[in-house]
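What follows is the content of input-v1.tsv (TSV, N, CA and C atoms).
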chain	number	residue	atom	x	y	z
A	9	MET	N	2.86	14.03	-26.76
A	9	MET	CA	1.71	13.42	-26.10
A	9	MET	C	1.59	13.96	-24.68
A	10	GLU	N	0.41	14.25	-24.27
A	10	GLU	CA	0.17	14.84	-22.96
A	10	GLU	C	0.11	13.77	-21.88
A	11	ASN	N	0.80	14.05	-20.78
A	11	ASN	CA	0.71	13.19	-19.61
A	11	ASN	C	-0.46	13.66	-18.76
A	12	LYS	N	-1.31	12.73	-18.37
A	12	LYS	CA	-2.45	13.08	-17.55
A	12	LYS	C	-2.07	12.98	-16.07
A	13	ILE	N	-2.78	13.72	-15.25
A	13	ILE	CA	-2.61	13.64	-13.79
A	13	ILE	C	-3.17	12.30	-13.34
A	14	ARG	N	-2.37	11.52	-12.64
A	14	ARG	CA	-2.77	10.19	-12.17
A	14	ARG	C	-3.54	10.33	-10.85
A	15	VAL	N	-4.77	9.81	-10.82
A	15	VAL	CA	-5.67	10.01	-9.70
A	15	VAL	C	-6.12	8.67	-9.11
A	16	VAL	N	-6.16	8.60	-7.77
A	16	VAL	CA	-6.79	7.49	-7.05
A	16	VAL	C	-8.02	8.05	-6.35
A	17	ILE	N	-9.14	7.34	-6.44
A	17	ILE	CA	-10.38	7.72	-5.78
A	17	ILE	C	-10.61	6.77	-4.61
A	18	ILE	N	-10.78	7.35	-3.40
A	18	ILE	CA	-11.03	6.54	-2.21
A	18	ILE	C	-12.35	7.02	-1.60
A	19	ASP	N	-13.38	6.20	-1.73
A	19	ASP	CA	-14.71	6.53	-1.22
A	19	ASP	C	-15.46	5.23	-0.99
A	20	ASP	N	-16.17	5.13	0.13
A	20	ASP	CA	-16.87	3.88	0.43
A	20	ASP	C	-18.16	3.71	-0.35
A	21	TYR	N	-18.59	4.74	-1.05
A	21	TYR	CA	-19.85	4.68	-1.78
A	21	TYR	C	-19.55	4.46	-3.26
A	22	ASP	N	-19.96	3.30	-3.78
A	22	ASP	CA	-19.69	2.94	-5.18
A	22	ASP	C	-20.19	4.00	-6.16
A	23	MET	N	-21.36	4.55	-5.90
A	23	MET	CA	-21.95	5.53	-6.81
A	23	MET	C	-21.08	6.79	-6.89
A	24	THR	N	-20.52	7.22	-5.77
A	24	THR	CA	-19.65	8.40	-5.79
A	24	THR	C	-18.41	8.14	-6.62
A	25	ARG	N	-17.79	6.98	-6.41
A	25	ARG	CA	-16.60	6.64	-7.21
A	25	ARG	C	-16.94	6.60	-8.69
A	26	SER	N	-18.06	5.96	-9.04
A	26	SER	CA	-18.47	5.87	-10.44
A	26	SER	C	-18.74	7.25	-11.03
A	27	LEU	N	-19.44	8.09	-10.28
A	27	LEU	CA	-19.75	9.43	-10.76
A	27	LEU	C	-18.49	10.25	-10.99
A	28	LEU	N	-17.55	10.17	-10.06
A	28	LEU	CA	-16.29	10.90	-10.23
A	28	LEU	C	-15.53	10.41	-11.46
A	29	LYS	N	-15.52	9.11	-11.69
A	29	LYS	CA	-14.85	8.57	-12.87
A	29	LYS	C	-15.52	9.08	-14.15
A	30	ILE	N	-16.85	9.12	-14.16
A	30	ILE	CA	-17.57	9.62	-15.34
A	30	ILE	C	-17.27	11.09	-15.57
A	31	ILE	N	-17.28	11.88	-14.50
A	31	ILE	CA	-17.03	13.32	-14.61
A	31	ILE	C	-15.63	13.58	-15.16
A	32	LEU	N	-14.65	12.82	-14.70
A	32	LEU	CA	-13.26	13.09	-15.08
A	32	LEU	C	-12.85	12.43	-16.39
A	33	ARG	N	-13.68	11.52	-16.91
A	33	ARG	CA	-13.37	10.88	-18.18
A	33	ARG	C	-13.30	11.96	-19.26
A	34	GLY	N	-12.27	11.91	-20.06
A	34	GLY	CA	-12.12	12.89	-21.13
A	34	GLY	C	-11.44	14.17	-20.67
A	35	GLU	N	-11.30	14.36	-19.37
A	35	GLU	CA	-10.57	15.52	-18.86
A	35	GLU	C	-9.08	15.14	-18.81
A	36	LYS	N	-8.28	15.96	-18.19
A	36	LYS	CA	-6.83	15.72	-18.17
A	36	LYS	C	-6.41	14.92	-16.95
A	37	PHE	N	-7.20	13.90	-16.64
A	37	PHE	CA	-6.95	13.06	-15.47
A	37	PHE	C	-7.05	11.59	-15.87
A	38	ASP	N	-6.24	10.76	-15.25
A	38	ASP	CA	-6.24	9.33	-15.50
A	38	ASP	C	-6.52	8.63	-14.17
A	39	ILE	N	-7.68	7.99	-14.04
A	39	ILE	CA	-8.02	7.27	-12.81
A	39	ILE	C	-7.22	5.97	-12.82
A	40	VAL	N	-6.23	5.88	-11.92
A	40	VAL	CA	-5.34	4.71	-11.90
A	40	VAL	C	-5.74	3.69	-10.84
A	41	GLY	N	-6.66	4.07	-9.93
A	41	GLY	CA	-7.10	3.13	-8.91
A	41	GLY	C	-8.25	3.68	-8.11
A	42	GLU	N	-8.95	2.76	-7.43
A	42	GLU	CA	-10.04	3.18	-6.54
A	42	GLU	C	-10.13	2.19	-5.40
A	43	ALA	N	-10.54	2.71	-4.25
A	43	ALA	CA	-10.68	1.89	-3.05
A	43	ALA	C	-11.93	2.31	-2.29
A	44	SER	N	-12.46	1.38	-1.49
A	44	SER	CA	-13.72	1.64	-0.78
A	44	SER	C	-13.53	1.85	0.72
A	45	ASP	N	-12.30	1.86	1.21
A	45	ASP	CA	-12.05	2.20	2.62
A	45	ASP	C	-10.68	2.85	2.73
A	46	GLY	N	-10.48	3.55	3.83
A	46	GLY	CA	-9.24	4.30	4.01
A	46	GLY	C	-7.99	3.45	4.03
A	47	GLN	N	-8.05	2.31	4.69
A	47	GLN	CA	-6.85	1.48	4.81
A	47	GLN	C	-6.39	0.94	3.45
A	48	SER	N	-7.31	0.35	2.70
A	48	SER	CA	-6.91	-0.17	1.38
A	48	SER	C	-6.56	0.98	0.44
A	49	GLY	N	-7.18	2.13	0.64
A	49	GLY	CA	-6.84	3.30	-0.17
A	49	GLY	C	-5.42	3.78	0.07
A	50	VAL	N	-5.01	3.81	1.34
A	50	VAL	CA	-3.64	4.20	1.66
A	50	VAL	C	-2.66	3.20	1.05
A	51	GLU	N	-2.95	1.91	1.19
A	51	GLU	CA	-2.07	0.88	0.62
A	51	GLU	C	-1.96	1.04	-0.89
A	52	MET	N	-3.09	1.34	-1.54
A	52	MET	CA	-3.09	1.54	-2.99
A	52	MET	C	-2.24	2.75	-3.36
A	53	CYS	N	-2.38	3.83	-2.60
A	53	CYS	CA	-1.60	5.04	-2.88
A	53	CYS	C	-0.10	4.77	-2.72
A	54	LEU	N	0.27	4.03	-1.70
A	54	LEU	CA	1.69	3.73	-1.49
A	54	LEU	C	2.24	2.91	-2.65
A	55	ALA	N	1.43	2.02	-3.20
A	55	ALA	CA	1.86	1.18	-4.33
A	55	ALA	C	1.89	1.96	-5.65
A	56	LEU	N	0.85	2.79	-5.89
A	56	LEU	CA	0.71	3.46	-7.18
A	56	LEU	C	1.36	4.84	-7.25
A	57	LYS	N	1.56	5.48	-6.09
A	57	LYS	CA	2.14	6.82	-6.03
A	57	LYS	C	1.45	7.80	-7.00
A	58	PRO	N	0.14	8.01	-6.80
A	58	PRO	CA	-0.59	8.91	-7.72
A	58	PRO	C	-0.18	10.37	-7.53
A	59	ASP	N	-0.53	11.19	-8.51
A	59	ASP	CA	-0.29	12.62	-8.41
A	59	ASP	C	-1.32	13.27	-7.50
A	60	MET	N	-2.55	12.72	-7.51
A	60	MET	CA	-3.66	13.30	-6.78
A	60	MET	C	-4.56	12.19	-6.24
A	61	VAL	N	-5.16	12.46	-5.08
A	61	VAL	CA	-6.11	11.52	-4.46
A	61	VAL	C	-7.39	12.27	-4.17
A	62	LEU	N	-8.52	11.66	-4.51
A	62	LEU	CA	-9.83	12.16	-4.10
A	62	LEU	C	-10.24	11.27	-2.94
A	63	LEU	N	-10.38	11.83	-1.75
A	63	LEU	CA	-10.50	11.08	-0.52
A	63	LEU	C	-11.74	11.47	0.27
A	64	ASP	N	-12.64	10.51	0.47
A	64	ASP	CA	-13.83	10.73	1.28
A	64	ASP	C	-13.41	10.89	2.74
A	65	VAL	N	-14.18	11.65	3.51
A	65	VAL	CA	-13.87	11.85	4.92
A	65	VAL	C	-14.40	10.71	5.78
A	66	VAL	N	-15.66	10.32	5.57
A	66	VAL	CA	-16.30	9.30	6.41
A	66	VAL	C	-16.27	7.96	5.68
A	67	MET	N	-15.44	7.04	6.21
A	67	MET	CA	-15.30	5.70	5.61
A	67	MET	C	-15.05	4.67	6.70
A	68	PRO	N	-15.28	3.40	6.36
A	68	PRO	CA	-14.99	2.34	7.33
A	68	PRO	C	-13.49	2.04	7.41
A	69	ILE	N	-13.13	1.31	8.44
A	69	ILE	CA	-11.77	0.82	8.74
A	69	ILE	C	-10.82	1.95	9.09
A	70	MET	N	-10.65	2.93	8.22
A	70	MET	CA	-9.82	4.11	8.50
A	70	MET	C	-10.52	5.30	7.86
A	71	ASN	N	-10.80	6.33	8.67
A	71	ASN	CA	-11.51	7.48	8.11
A	71	ASN	C	-10.56	8.32	7.24
A	72	GLY	N	-11.14	9.27	6.52
A	72	GLY	CA	-10.39	10.07	5.58
A	72	GLY	C	-9.31	10.93	6.20
A	73	ILE	N	-9.55	11.44	7.41
A	73	ILE	CA	-8.54	12.28	8.08
A	73	ILE	C	-7.30	11.43	8.42
A	74	GLU	N	-7.53	10.22	8.94
A	74	GLU	CA	-6.41	9.32	9.25
A	74	GLU	C	-5.68	8.92	7.96
A	75	ALA	N	-6.45	8.61	6.91
A	75	ALA	CA	-5.85	8.25	5.63
A	75	ALA	C	-5.04	9.42	5.06
A	76	LEU	N	-5.59	10.63	5.17
A	76	LEU	CA	-4.90	11.83	4.72
A	76	LEU	C	-3.53	11.94	5.39
A	77	GLU	N	-3.49	11.76	6.70
A	77	GLU	CA	-2.23	11.86	7.44
A	77	GLU	C	-1.21	10.85	6.92
A	78	LYS	N	-1.64	9.61	6.73
A	78	LYS	CA	-0.73	8.56	6.27
A	78	LYS	C	-0.24	8.83	4.84
A	79	ILE	N	-1.14	9.29	3.99
A	79	ILE	CA	-0.74	9.59	2.61
A	79	ILE	C	0.26	10.73	2.59
A	80	ARG	N	-0.02	11.79	3.33
A	80	ARG	CA	0.87	12.96	3.35
A	80	ARG	C	2.23	12.62	3.97
A	81	GLN	N	2.25	11.75	5.00
A	81	GLN	CA	3.52	11.35	5.62
A	81	GLN	C	4.40	10.60	4.62
A	82	ASN	N	3.78	9.71	3.86
A	82	ASN	CA	4.53	8.83	2.97
A	82	ASN	C	4.69	9.37	1.55
A	83	LEU	N	3.77	10.20	1.11
A	83	LEU	CA	3.79	10.75	-0.25
A	83	LEU	C	3.57	12.26	-0.20
A	84	PRO	N	4.54	13.01	0.30
A	84	PRO	CA	4.33	14.45	0.49
A	84	PRO	C	4.07	15.23	-0.80
A	85	GLU	N	4.45	14.69	-1.94
A	85	GLU	CA	4.23	15.37	-3.22
A	85	GLU	C	2.81	15.16	-3.75
A	86	THR	N	2.11	14.16	-3.24
A	86	THR	CA	0.76	13.84	-3.73
A	86	THR	C	-0.25	14.84	-3.18
A	87	LEU	N	-1.06	15.40	-4.07
A	87	LEU	CA	-2.11	16.32	-3.66
A	87	LEU	C	-3.34	15.51	-3.24
A	88	VAL	N	-3.97	15.90	-2.15
A	88	VAL	CA	-5.14	15.18	-1.65
A	88	VAL	C	-6.32	16.14	-1.57
A	89	MET	N	-7.38	15.79	-2.30
A	89	MET	CA	-8.62	16.55	-2.28
A	89	MET	C	-9.63	15.76	-1.45
A	90	MET	N	-10.20	16.38	-0.44
A	90	MET	CA	-11.21	15.73	0.38
A	90	MET	C	-12.56	15.82	-0.34
A	91	VAL	N	-13.30	14.72	-0.31
A	91	VAL	CA	-14.63	14.66	-0.90
A	91	VAL	C	-15.58	14.30	0.23
A	92	THR	N	-16.54	15.19	0.52
A	92	THR	CA	-17.39	14.93	1.67
A	92	THR	C	-18.74	15.63	1.58
A	93	GLY	N	-19.69	15.09	2.29
A	93	GLY	CA	-20.98	15.72	2.44
A	93	GLY	C	-21.01	16.62	3.67
A	94	ASN	N	-19.92	16.64	4.40
A	94	ASN	CA	-19.82	17.39	5.65
A	94	ASN	C	-19.02	18.66	5.41
A	95	ASP	N	-19.70	19.81	5.47
A	95	ASP	CA	-18.97	21.07	5.31
A	95	ASP	C	-18.75	21.76	6.66
A	96	ASP	N	-18.76	20.96	7.73
A	96	ASP	CA	-18.47	21.45	9.08
A	96	ASP	C	-17.08	22.09	9.07
A	97	HIS	N	-17.00	23.35	9.51
A	97	HIS	CA	-15.75	24.09	9.45
A	97	HIS	C	-14.63	23.43	10.26
A	98	SER	N	-14.96	22.77	11.36
A	98	SER	CA	-13.91	22.13	12.16
A	98	SER	C	-13.28	20.96	11.39
A	99	VAL	N	-14.11	20.21	10.66
A	99	VAL	CA	-13.59	19.09	9.86
A	99	VAL	C	-12.77	19.64	8.69
A	100	VAL	N	-13.27	20.67	8.03
A	100	VAL	CA	-12.55	21.29	6.92
A	100	VAL	C	-11.21	21.81	7.41
A	101	ASN	N	-11.21	22.56	8.52
A	101	ASN	CA	-9.98	23.12	9.04
A	101	ASN	C	-8.98	22.03	9.45
A	102	GLU	N	-9.48	20.94	10.05
A	102	GLU	CA	-8.60	19.85	10.44
A	102	GLU	C	-7.93	19.23	9.20
A	103	ALA	N	-8.72	18.98	8.17
A	103	ALA	CA	-8.17	18.38	6.95
A	103	ALA	C	-7.14	19.31	6.30
A	104	ILE	N	-7.44	20.59	6.22
A	104	ILE	CA	-6.51	21.55	5.63
A	104	ILE	C	-5.23	21.61	6.46
A	105	SER	N	-5.37	21.62	7.79
A	105	SER	CA	-4.19	21.68	8.66
A	105	SER	C	-3.32	20.43	8.54
A	106	LYS	N	-3.93	19.33	8.11
A	106	LYS	CA	-3.18	18.07	7.97
A	106	LYS	C	-2.72	17.83	6.54
A	107	GLY	N	-2.90	18.84	5.69
A	107	GLY	CA	-2.30	18.77	4.36
A	107	GLY	C	-3.23	18.59	3.18
A	108	ALA	N	-4.54	18.65	3.39
A	108	ALA	CA	-5.46	18.54	2.24
A	108	ALA	C	-5.27	19.75	1.33
A	109	SER	N	-5.33	19.50	0.03
A	109	SER	CA	-5.16	20.57	-0.95
A	109	SER	C	-6.45	21.30	-1.28
A	110	GLY	N	-7.58	20.73	-0.85
A	110	GLY	CA	-8.87	21.34	-1.12
A	110	GLY	C	-10.01	20.41	-0.82
A	111	TYR	N	-11.22	20.86	-1.14
A	111	TYR	CA	-12.45	20.14	-0.80
A	111	TYR	C	-13.41	20.11	-1.98
A	112	ILE	N	-14.07	18.99	-2.14
A	112	ILE	CA	-15.22	18.88	-3.04
A	112	ILE	C	-16.38	18.44	-2.15
A	113	VAL	N	-17.42	19.27	-2.06
A	113	VAL	CA	-18.54	18.98	-1.16
A	113	VAL	C	-19.67	18.31	-1.92
A	114	LYS	N	-20.16	17.19	-1.37
A	114	LYS	CA	-21.32	16.46	-1.92
A	114	LYS	C	-22.60	17.14	-1.44
A	115	PRO	N	-23.65	17.15	-2.20
A	115	PRO	CA	-23.70	16.65	-3.57
A	115	PRO	C	-22.98	17.64	-4.48
A	116	PHE	N	-22.26	17.13	-5.44
A	116	PHE	CA	-21.51	17.98	-6.34
A	116	PHE	C	-22.07	17.87	-7.75
A	117	ASN	N	-21.69	18.85	-8.57
A	117	ASN	CA	-22.09	18.79	-9.98
A	117	ASN	C	-20.84	18.74	-10.85
A	118	THR	N	-21.01	18.35	-12.07
A	118	THR	CA	-19.89	18.15	-12.98
A	118	THR	C	-19.01	19.39	-13.10
A	119	ALA	N	-19.62	20.53	-13.30
A	119	ALA	CA	-18.85	21.76	-13.51
A	119	ALA	C	-18.00	22.10	-12.30
A	120	SER	N	-18.55	21.98	-11.09
A	120	SER	CA	-17.78	22.34	-9.90
A	120	SER	C	-16.63	21.36	-9.67
A	121	VAL	N	-16.85	20.08	-9.94
A	121	VAL	CA	-15.77	19.10	-9.78
A	121	VAL	C	-14.65	19.38	-10.78
A	122	ILE	N	-14.99	19.60	-12.03
A	122	ILE	CA	-13.97	19.85	-13.04
A	122	ILE	C	-13.22	21.14	-12.74
A	123	GLU	N	-13.93	22.18	-12.35
A	123	GLU	CA	-13.28	23.45	-12.02
A	123	GLU	C	-12.30	23.27	-10.86
A	124	THR	N	-12.76	22.61	-9.79
A	124	THR	CA	-11.90	22.39	-8.63
A	124	THR	C	-10.69	21.54	-8.99
A	125	MET	N	-10.92	20.47	-9.74
A	125	MET	CA	-9.82	19.57	-10.13
A	125	MET	C	-8.82	20.31	-11.03
A	126	ASN	N	-9.29	21.15	-11.93
A	126	ASN	CA	-8.39	21.88	-12.80
A	126	ASN	C	-7.57	22.91	-12.03
A	127	GLN	N	-8.16	23.52	-11.01
A	127	GLN	CA	-7.41	24.45	-10.16
A	127	GLN	C	-6.28	23.71	-9.45
A	128	VAL	N	-6.58	22.54	-8.92
A	128	VAL	CA	-5.56	21.76	-8.23
A	128	VAL	C	-4.54	21.23	-9.24
A	129	ARG	N	-5.00	20.85	-10.42
A	129	ARG	CA	-4.10	20.39	-11.48
A	129	ARG	C	-3.09	21.48	-11.82
A	130	GLU	N	-3.55	22.73	-11.92
A	130	GLU	CA	-2.65	23.84	-12.22
A	130	GLU	C	-1.60	24.00	-11.12
A	131	ARG	N	-2.01	23.84	-9.86
A	131	ARG	CA	-1.05	23.89	-8.75
A	131	ARG	C	-0.03	22.77	-8.88
A	132	PHE	N	-0.49	21.58	-9.27
A	132	PHE	CA	0.41	20.44	-9.44
A	132	PHE	C	1.44	20.75	-10.52
A	133	ILE	N	0.99	21.30	-11.64
A	133	ILE	CA	1.90	21.61	-12.75
A	133	ILE	C	2.92	22.66	-12.32
A	134	LEU	N	2.49	23.65	-11.55
A	134	LEU	CA	3.43	24.68	-11.08
A	134	LEU	C	4.49	24.06	-10.16
A	135	CYS	N	4.10	23.09	-9.34
A	135	CYS	CA	5.03	22.46	-8.41
A	135	CYS	C	5.90	21.40	-9.09
A	136	HIS	N	5.40	20.82	-10.18
A	136	HIS	CA	6.08	19.72	-10.86
A	136	HIS	C	6.09	19.97	-12.37
A	137	PRO	N	6.75	21.03	-12.83
A	137	PRO	CA	6.66	21.37	-14.25
A	137	PRO	C	7.11	20.26	-15.19
A	138	ALA	N	7.99	19.39	-14.77
A	138	ALA	CA	8.45	18.30	-15.65
A	138	ALA	C	7.46	17.15	-15.66
A	139	GLY	N	6.54	17.11	-14.69
A	139	GLY	CA	5.63	15.99	-14.54
A	139	GLY	C	4.53	15.95	-15.60
A	140	VAL	N	4.16	17.10	-16.11
A	140	VAL	CA	3.07	17.17	-17.08
A	140	VAL	C	3.54	18.02	-18.25
A	141	GLN	N	3.37	17.50	-19.44
A	141	GLN	CA	3.80	18.23	-20.62
A	141	GLN	C	2.59	18.53	-21.50
A	142	TYR	N	2.63	19.66	-22.18
A	142	TYR	CA	1.55	20.04	-23.07
A	142	TYR	C	1.88	19.69	-24.49

Take the structure I supplied and represent it as structure tokens, if you would.
Amino acid sequence: MENKIRVVIIDDYDMTRSLLKIILRGEKFDIVGEASDGQSGVEMCLALKPDMVLLDVVMPIMNGIEALEKIRQNLPETLVMMVTGNDDHSVVNEAISKGASGYIVKPFNTASVIETMNQVRERFILCHPAGVQY
């Protein structure tokens, strides 16, 4: 039996979270949790220890960059993909420098999300060969 990559989605916009869940349904990912702000998202990640996080940049209470730092400090093995409508190079570079594994830019389409997620999934498998079995 195949183990799926365990994913937490953190985004303040309900529609984005729902769309990402629909896109990833049936793929090799298991959505184990979702949060609508950075602080509760970090707490959820600490409790669930997901393999991957889809993290919005602009959110209330704690923004995505701050959440990224906390997740990477506490869960260095967890891959974090930033999800944002902002493709400003300074924001992208800051997130990458703080440990983001990649970016999904809104508005996104199904094919680009799946392709990006599968690329990151392959990196996860290479780093954790025992974590996922075929």

Exercise for review: Figure out the distance between atom CA of A:Thr24 and atom CA of A:Val121, please, to one decimal in Å.
Suggested key: 12.1 Å

Write out as CSV the residues of stretch 31-83 of chain A that have any atom within 7 Å of an atom of stretch 91-109 of chain A, one row each with the nearest atom pair and its distance in Å to one decimal, counting only N, CA and C atoms, sorted by chain and then rising number.
residue,atom,partner,partner_atom,distance
A:Leu62,C,A:Val91,N,5.3
A:Leu63,C,A:Val91,N,3.7
A:Asp64,CA,A:Val91,C,4.1
A:Val65,N,A:Val91,C,4.4
A:Val66,N,A:Thr92,CA,6.3
A:Ile73,CA,A:Ala103,CA,6.2
A:Leu76,C,A:Lys106,C,6.1
A:Glu77,CA,A:Lys106,C,6.1
A:Arg80,CA,A:Gly107,CA,6.7

Check your understanding: Leaving out A:Leu87 and any residue of its chain fewer than 2 positions from it, which residues lie within 8 Å of it when counting only C-alpha atoms, given as a ChimeraX atom specification?
Key -> /A:59-61,84-85,89,108-109,128,132

Exercise for review: Point out the residue among A:Glu74, A:Glu42, A:Glu123, A:Glu35 with the least atom-to-atom distance to A:Ile18, counting all atoms listed in the file.
Suggested key: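 The answer is A:Glu42, which sits nearest to A:Ile18.
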
**Study point:** Pick from A:Glu130, A:Asp38, A:Glu51, A:Asp45, whichever lies nearest to A:Pro68 using only N, CA and C atoms
**Key:**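 Once distances to A:Pro68 are computed over only N, CA and C atoms, the minimum belongs to A:Asp45.
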
So that I can check the surroundings of A:Met52, please list as a PDB file with N, CA and C atoms, in the coordinates of the input every protein, DNA and RNA residue that reaches within 8 Å of it, counting all atoms listed in the file and ignoring chain neighbours fewer than 5 positions away.
ATOM      1  N   VAL A  16      -6.160   8.600  -7.770  1.00  0.00           N
ATOM      2  CA  VAL A  16      -6.790   7.490  -7.050  1.00  0.00           C
ATOM      3  C   VAL A  16      -8.020   8.050  -6.350  1.00  0.00           C
ATOM      4  N   GLY A  41      -6.660   4.070  -9.930  1.00  0.00           N
ATOM      5  CA  GLY A  41      -7.100   3.130  -8.910  1.00  0.00           C
ATOM      6  C   GLY A  41      -8.250   3.680  -8.110  1.00  0.00           C
ATOM      7  N   GLU A  42      -8.950   2.760  -7.430  1.00  0.00           N
ATOM      8  CA  GLU A  42     -10.040   3.180  -6.540  1.00  0.00           C
ATOM      9  C   GLU A  42     -10.130   2.190  -5.400  1.00  0.00           C
ATOM     10  N   ALA A  43     -10.540   2.710  -4.250  1.00  0.00           N
ATOM     11  CA  ALA A  43     -10.680   1.890  -3.050  1.00  0.00           C
ATOM     12  C   ALA A  43     -11.930   2.310  -2.290  1.00  0.00           C
ATOM     13  N   GLY A  46     -10.480   3.550   3.830  1.00  0.00           N
ATOM     14  CA  GLY A  46      -9.240   4.300   4.010  1.00  0.00           C
ATOM     15  C   GLY A  46      -7.990   3.450   4.030  1.00  0.00           C
ATOM     16  N   GLN A  47      -8.050   2.310   4.690  1.00  0.00           N
ATOM     17  CA  GLN A  47      -6.850   1.480   4.810  1.00  0.00           C
ATOM     18  C   GLN A  47      -6.390   0.940   3.450  1.00  0.00           C
ATOM     19  N   LYS A  57       1.560   5.480  -6.090  1.00  0.00           N
ATOM     20  CA  LYS A  57       2.140   6.820  -6.030  1.00  0.00           C
ATOM     21  C   LYS A  57       1.450   7.800  -7.000  1.00  0.00           C
ATOM     22  N   PRO A  58       0.140   8.010  -6.800  1.00  0.00           N
ATOM     23  CA  PRO A  58      -0.590   8.910  -7.720  1.00  0.00           C
ATOM     24  C   PRO A  58      -0.180  10.370  -7.530  1.00  0.00           C
TER      25      PRO A  58
END

Check your understanding: Near A:Ile39, counting all atoms listed in the file, which residues have an atom at most 8 Å away, once you skip same-chain residues fewer than 5 positions from it, shown as a PyMOL selection string?
Key -> chain A and resi 12-17+29+32-33
